[in-house]
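Structure, as structure tokens:
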Amino acid sequence: MDLAFERRGTGAPLILIHGIGHHWQAWLPVLDRLAAARTVFAVDLPGFGDSPGLPEGTPYTPESLADAVESFCALLGIREPAVAGNSLGGYLALELAARGVVSSAVALSPAGFWTRSEFLYARTVLRALRATARALPPEQAARMAEEPASRALSAGVLVAHPTRMEPTALVAATQALAAAPGFDETLASFEGLMPPAPPKSPITIAWGEHDRLLLRRQAVRAGRWSGQRVKLLNGCGHVPMSDDPALVARVILDAIQPVVPG
């Protein structure tokens, strides 16, 4: 698919995948750190950001979105890239690892490891965030982003440190959430979502210590599924990139860089 994306850096390819309702700019706090070591492609998923929607008749599901990322790589001639994703993007990273089409995958607070009640909670929160974003006039959203208390109220469920977000980034994220045509159908597809098949590529899973959307106890299930210890992102929330850019970039690069003997 012809997806909107930002490309930076040189070296082996790294694909970055955002969460539901977000856009590639979610990765801006860590983009240059990652681009110092890799050629980074931060993509907008179909129906989100500036990417067109899926072809008519194609349902929005994690599988079809993973197909779109795989097709995007084929279109650009990218073979077996490393991939990192957050939330929905984390699930897609694990799905691509299950297909064996990536060299390695990093999943930050991936979807799909919830109980029924945890899913219903997350769905309620996401719907409320979407409704608020759509109801806010642009000038009011801008004022709220500049005010620390309002910023904490609007972003506190997703990040641990709302004051570390640039006001312009918060406004842009709010607009992306409000405008995303793929949001409702993608969220509906989460009903009954199970973890992907076992990975065929190396994976790393990390979870925000203060994740208030996909609660931290879900990391225990992710660890059991993967058979490995899940890394804890100290001081970070569900979308950890602005909470601690250095930590997030280090976790990703440590996971995807080849180990050199000696």
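For the structure tokens, the naming scheme is as follows: chains receive sequential letters (A, B, ...) according to their order of presentation, residues are indexed from 1 within each chain, and ligands are indexed from 1 in presentation order.
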
Query - Contacts of Pro110 of chain A within 9 Å, only C-alpha atoms, excl. fewer than 3 positions in-chain, as a list in words - result: Gly19, Gly85, Asn86, Ser87, Leu88, Gly89, Gly90, Tyr91, Leu92, Ala93, Leu94, Ala107, Phe113, Ile205, Ala206, Trp207, Leu214, Ala219 and Ala222 of chain A

Kindly provide the residues of segment 98-132 of chain A that approach segment 65-81 of chain A to within 12 Å, each paired with its closest atom pair and their distance in Å to one decimal, based on only C-alpha atoms, listed by chain and increasing number, as a Markdown table.
| residue | atom | partner | partner_atom | distance |
| --- | --- | --- | --- | --- |
| A:Ala98 | CA | A:Ala66 | CA | 10.9 |
| A:Arg99 | CA | A:Ala66 | CA | 9.8 |
| A:Gly100 | CA | A:Glu80 | CA | 8.3 |
| A:Val101 | CA | A:Glu80 | CA | 5.4 |
| A:Val102 | CA | A:Glu80 | CA | 4.2 |
| A:Ser103 | CA | A:Glu80 | CA | 5.1 |
| A:Ser104 | CA | A:Pro81 | CA | 7.4 |
| A:Ala105 | CA | A:Pro81 | CA | 9.0 |
| A:Val106 | CA | A:Pro81 | CA | 11.7 |

Query raised in the report: Given the choices A:Met165, A:Leu96, A:Ala36, A:Ala172, which gets closest to Glu63 of chain A if the distance is worked out from only C-alpha atoms?
Result: A:Leu96

Sorted by chain and rising residue number, which residues of segment 188-251 of chain A lie within 10 Å of segment 146-164 of chain A, and what are their closest atom pairs and distances in Å to one decimal, counting only C-alpha atoms, as CSV?
residue,atom,partner,partner_atom,distance
A:Gly208,CA,A:Ala160,CA,8.7
A:Glu209,CA,A:Ala160,CA,8.8
A:His210,CA,A:Ala160,CA,6.2
A:Asp211,CA,A:Leu158,CA,7.1
A:Arg212,CA,A:Val157,CA,5.4
A:Leu213,CA,A:Val157,CA,6.4
A:Leu214,CA,A:Leu158,CA,9.4
A:Gly235,CA,A:Ala160,CA,6.8
A:Cys236,CA,A:Ala160,CA,5.4
A:Gly237,CA,A:Val159,CA,4.4
A:His238,CA,A:Leu158,CA,5.1
A:Val239,CA,A:Val159,CA,5.6
A:Pro240,CA,A:Val159,CA,6.4
A:Met241,CA,A:Val159,CA,8.7
A:Ser242,CA,A:Arg164,CA,6.4
A:Asp243,CA,A:His161,CA,5.7
A:Asp244,CA,A:Arg164,CA,9.0

Residues from last step as file, N, CA, C and O atoms, as a compact mmCIF listing (two decimals), in the first residue's frame:
# COMPACT_ATOMS: atom_id res chain seq x y z
N GLY A 208 5.03 0.04 29.80
CA GLY A 208 5.14 1.22 30.64
C GLY A 208 4.79 0.93 32.08
O GLY A 208 3.74 0.33 32.37
N GLU A 209 5.64 1.35 32.99
CA GLU A 209 5.41 1.13 34.42
C GLU A 209 4.08 1.74 34.86
O GLU A 209 3.38 1.19 35.71
N HIS A 210 3.72 2.88 34.26
CA HIS A 210 2.49 3.59 34.65
C HIS A 210 1.46 3.58 33.52
O HIS A 210 0.76 4.56 33.32
N ASP A 211 1.37 2.45 32.82
CA ASP A 211 0.40 2.33 31.73
C ASP A 211 -1.01 2.33 32.33
O ASP A 211 -1.37 1.43 33.08
N ARG A 212 -1.80 3.34 31.99
CA ARG A 212 -3.15 3.47 32.54
C ARG A 212 -4.22 3.04 31.54
O ARG A 212 -5.40 3.11 31.85
N LEU A 213 -3.82 2.63 30.36
CA LEU A 213 -4.78 2.15 29.36
C LEU A 213 -4.74 0.63 29.27
O LEU A 213 -5.76 -0.03 29.48
N LEU A 214 -3.60 0.07 28.95
CA LEU A 214 -3.41 -1.38 28.99
C LEU A 214 -2.59 -1.67 30.23
O LEU A 214 -1.36 -1.55 30.23
N GLY A 235 8.91 4.77 34.82
CA GLY A 235 8.48 6.15 34.70
C GLY A 235 7.70 6.46 33.44
O GLY A 235 7.44 7.63 33.15
N CYS A 236 7.29 5.44 32.68
CA CYS A 236 6.63 5.66 31.40
C CYS A 236 5.17 5.21 31.45
O CYS A 236 4.79 4.33 32.23
N GLY A 237 4.36 5.81 30.57
CA GLY A 237 2.97 5.44 30.42
C GLY A 237 2.75 4.57 29.20
O GLY A 237 3.68 3.94 28.69
N HIS A 238 1.49 4.58 28.72
CA HIS A 238 1.13 3.70 27.61
C HIS A 238 1.84 4.08 26.31
O HIS A 238 2.24 3.21 25.54
N VAL A 239 1.95 5.36 26.05
CA VAL A 239 2.69 5.86 24.87
C VAL A 239 3.99 6.45 25.42
O VAL A 239 4.04 7.63 25.78
N PRO A 240 5.06 5.66 25.51
CA PRO A 240 6.21 6.04 26.32
C PRO A 240 7.22 6.96 25.64
O PRO A 240 8.17 7.41 26.28
N MET A 241 7.04 7.25 24.35
CA MET A 241 8.11 7.91 23.60
C MET A 241 8.45 9.30 24.12
O MET A 241 9.61 9.71 24.10
N SER A 242 7.43 10.05 24.58
CA SER A 242 7.71 11.38 25.11
C SER A 242 8.06 11.34 26.59
O SER A 242 8.66 12.28 27.12
N ASP A 243 7.69 10.26 27.28
CA ASP A 243 8.00 10.14 28.70
C ASP A 243 9.50 10.01 28.95
O ASP A 243 10.06 10.63 29.86
N ASP A 244 10.15 9.16 28.16
CA ASP A 244 11.60 8.95 28.32
C ASP A 244 12.18 8.53 26.97
O ASP A 244 12.38 7.33 26.71

Requested in this report: Go through segment 19-245 of chain A and collect every residue that DSSP, computed from the backbone, puts in alpha helix (DSSP H); the answer should be as a PyMOL selection string.
Outcome: chain A and resi 28-35+62-75+88-99+116-135+138-146+148-155+167-179+183-189+218-226+245

Query raised in the report: With only C-alpha atoms as the basis for distance, which of A:Met1, A:Leu16, A:Ala26, A:Ile203 is at the shortest distance from Thr168 of chain A?
Result: A:Ala26

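For Ile256 of chain A, the non-local neighbours within 7 Å, defined as residues at least 3 positions apart in the same chain or in other chains and counting only C-alpha atoms, are Ala82, Ser104, Ile252 and Leu253 of chain A.
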
So that I can check the surroundings of His22 of chain A, please list as a PDB file with all heavy atoms, in the first residue's frame every protein, DNA and RNA residue that reaches within 7 Å of it, counting only C-alpha atoms and ignoring chain neighbours fewer than 6 positions away.
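File produced: selection-v4.pdb:
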ATOM      1  N   PHE A  48      -5.466   6.259   9.081  1.00  0.00           N
ATOM      2  CA  PHE A  48      -4.942   7.064  10.186  1.00  0.00           C
ATOM      3  C   PHE A  48      -3.911   8.050   9.643  1.00  0.00           C
ATOM      4  O   PHE A  48      -3.260   7.776   8.629  1.00  0.00           O
ATOM      5  CB  PHE A  48      -4.308   6.170  11.261  1.00  0.00           C
ATOM      6  CG  PHE A  48      -5.281   5.217  11.897  1.00  0.00           C
ATOM      7  CD1 PHE A  48      -5.434   3.934  11.411  1.00  0.00           C
ATOM      8  CD2 PHE A  48      -6.060   5.616  12.973  1.00  0.00           C
ATOM      9  CE1 PHE A  48      -6.328   3.051  11.985  1.00  0.00           C
ATOM     10  CE2 PHE A  48      -6.968   4.743  13.560  1.00  0.00           C
ATOM     11  CZ  PHE A  48      -7.105   3.460  13.066  1.00  0.00           C
ATOM     12  N   GLY A  49      -3.765   9.176  10.332  1.00  0.00           N
ATOM     13  CA  GLY A  49      -2.813  10.174   9.865  1.00  0.00           C
ATOM     14  C   GLY A  49      -3.141  10.615   8.461  1.00  0.00           C
ATOM     15  O   GLY A  49      -4.290  10.902   8.133  1.00  0.00           O
ATOM     16  N   ALA A 173      -1.890  15.400  17.817  1.00  0.00           N
ATOM     17  CA  ALA A 173      -2.381  14.065  18.164  1.00  0.00           C
ATOM     18  C   ALA A 173      -3.893  14.075  18.364  1.00  0.00           C
ATOM     19  O   ALA A 173      -4.596  13.139  17.957  1.00  0.00           O
ATOM     20  CB  ALA A 173      -1.685  13.564  19.419  1.00  0.00           C
ATOM     21  N   ALA A 176      -5.467  14.194  14.976  1.00  0.00           N
ATOM     22  CA  ALA A 176      -5.348  12.895  14.304  1.00  0.00           C
ATOM     23  C   ALA A 176      -6.380  11.910  14.839  1.00  0.00           C
ATOM     24  O   ALA A 176      -6.987  11.146  14.072  1.00  0.00           O
ATOM     25  CB  ALA A 176      -3.939  12.342  14.473  1.00  0.00           C
ATOM     26  N   LEU A 177      -6.578  11.917  16.143  1.00  0.00           N
ATOM     27  CA  LEU A 177      -7.566  11.031  16.762  1.00  0.00           C
ATOM     28  C   LEU A 177      -8.974  11.379  16.297  1.00  0.00           C
ATOM     29  O   LEU A 177      -9.779  10.494  15.970  1.00  0.00           O
ATOM     30  CB  LEU A 177      -7.469  11.138  18.284  1.00  0.00           C
ATOM     31  CG  LEU A 177      -8.496  10.364  19.106  1.00  0.00           C
ATOM     32  CD1 LEU A 177      -8.431   8.879  18.795  1.00  0.00           C
ATOM     33  CD2 LEU A 177      -8.273  10.609  20.596  1.00  0.00           C
TER      34      LEU A 177
END

Requested in this report: Might you pull out every residue within 10 Å of Ala180 of chain A, with only C-alpha atoms counted and same-chain residues fewer than 4 positions away left off, and present them as a ChimeraX atom specification?
Outcome: /A:20-23,46-51,53,130,175-176,184
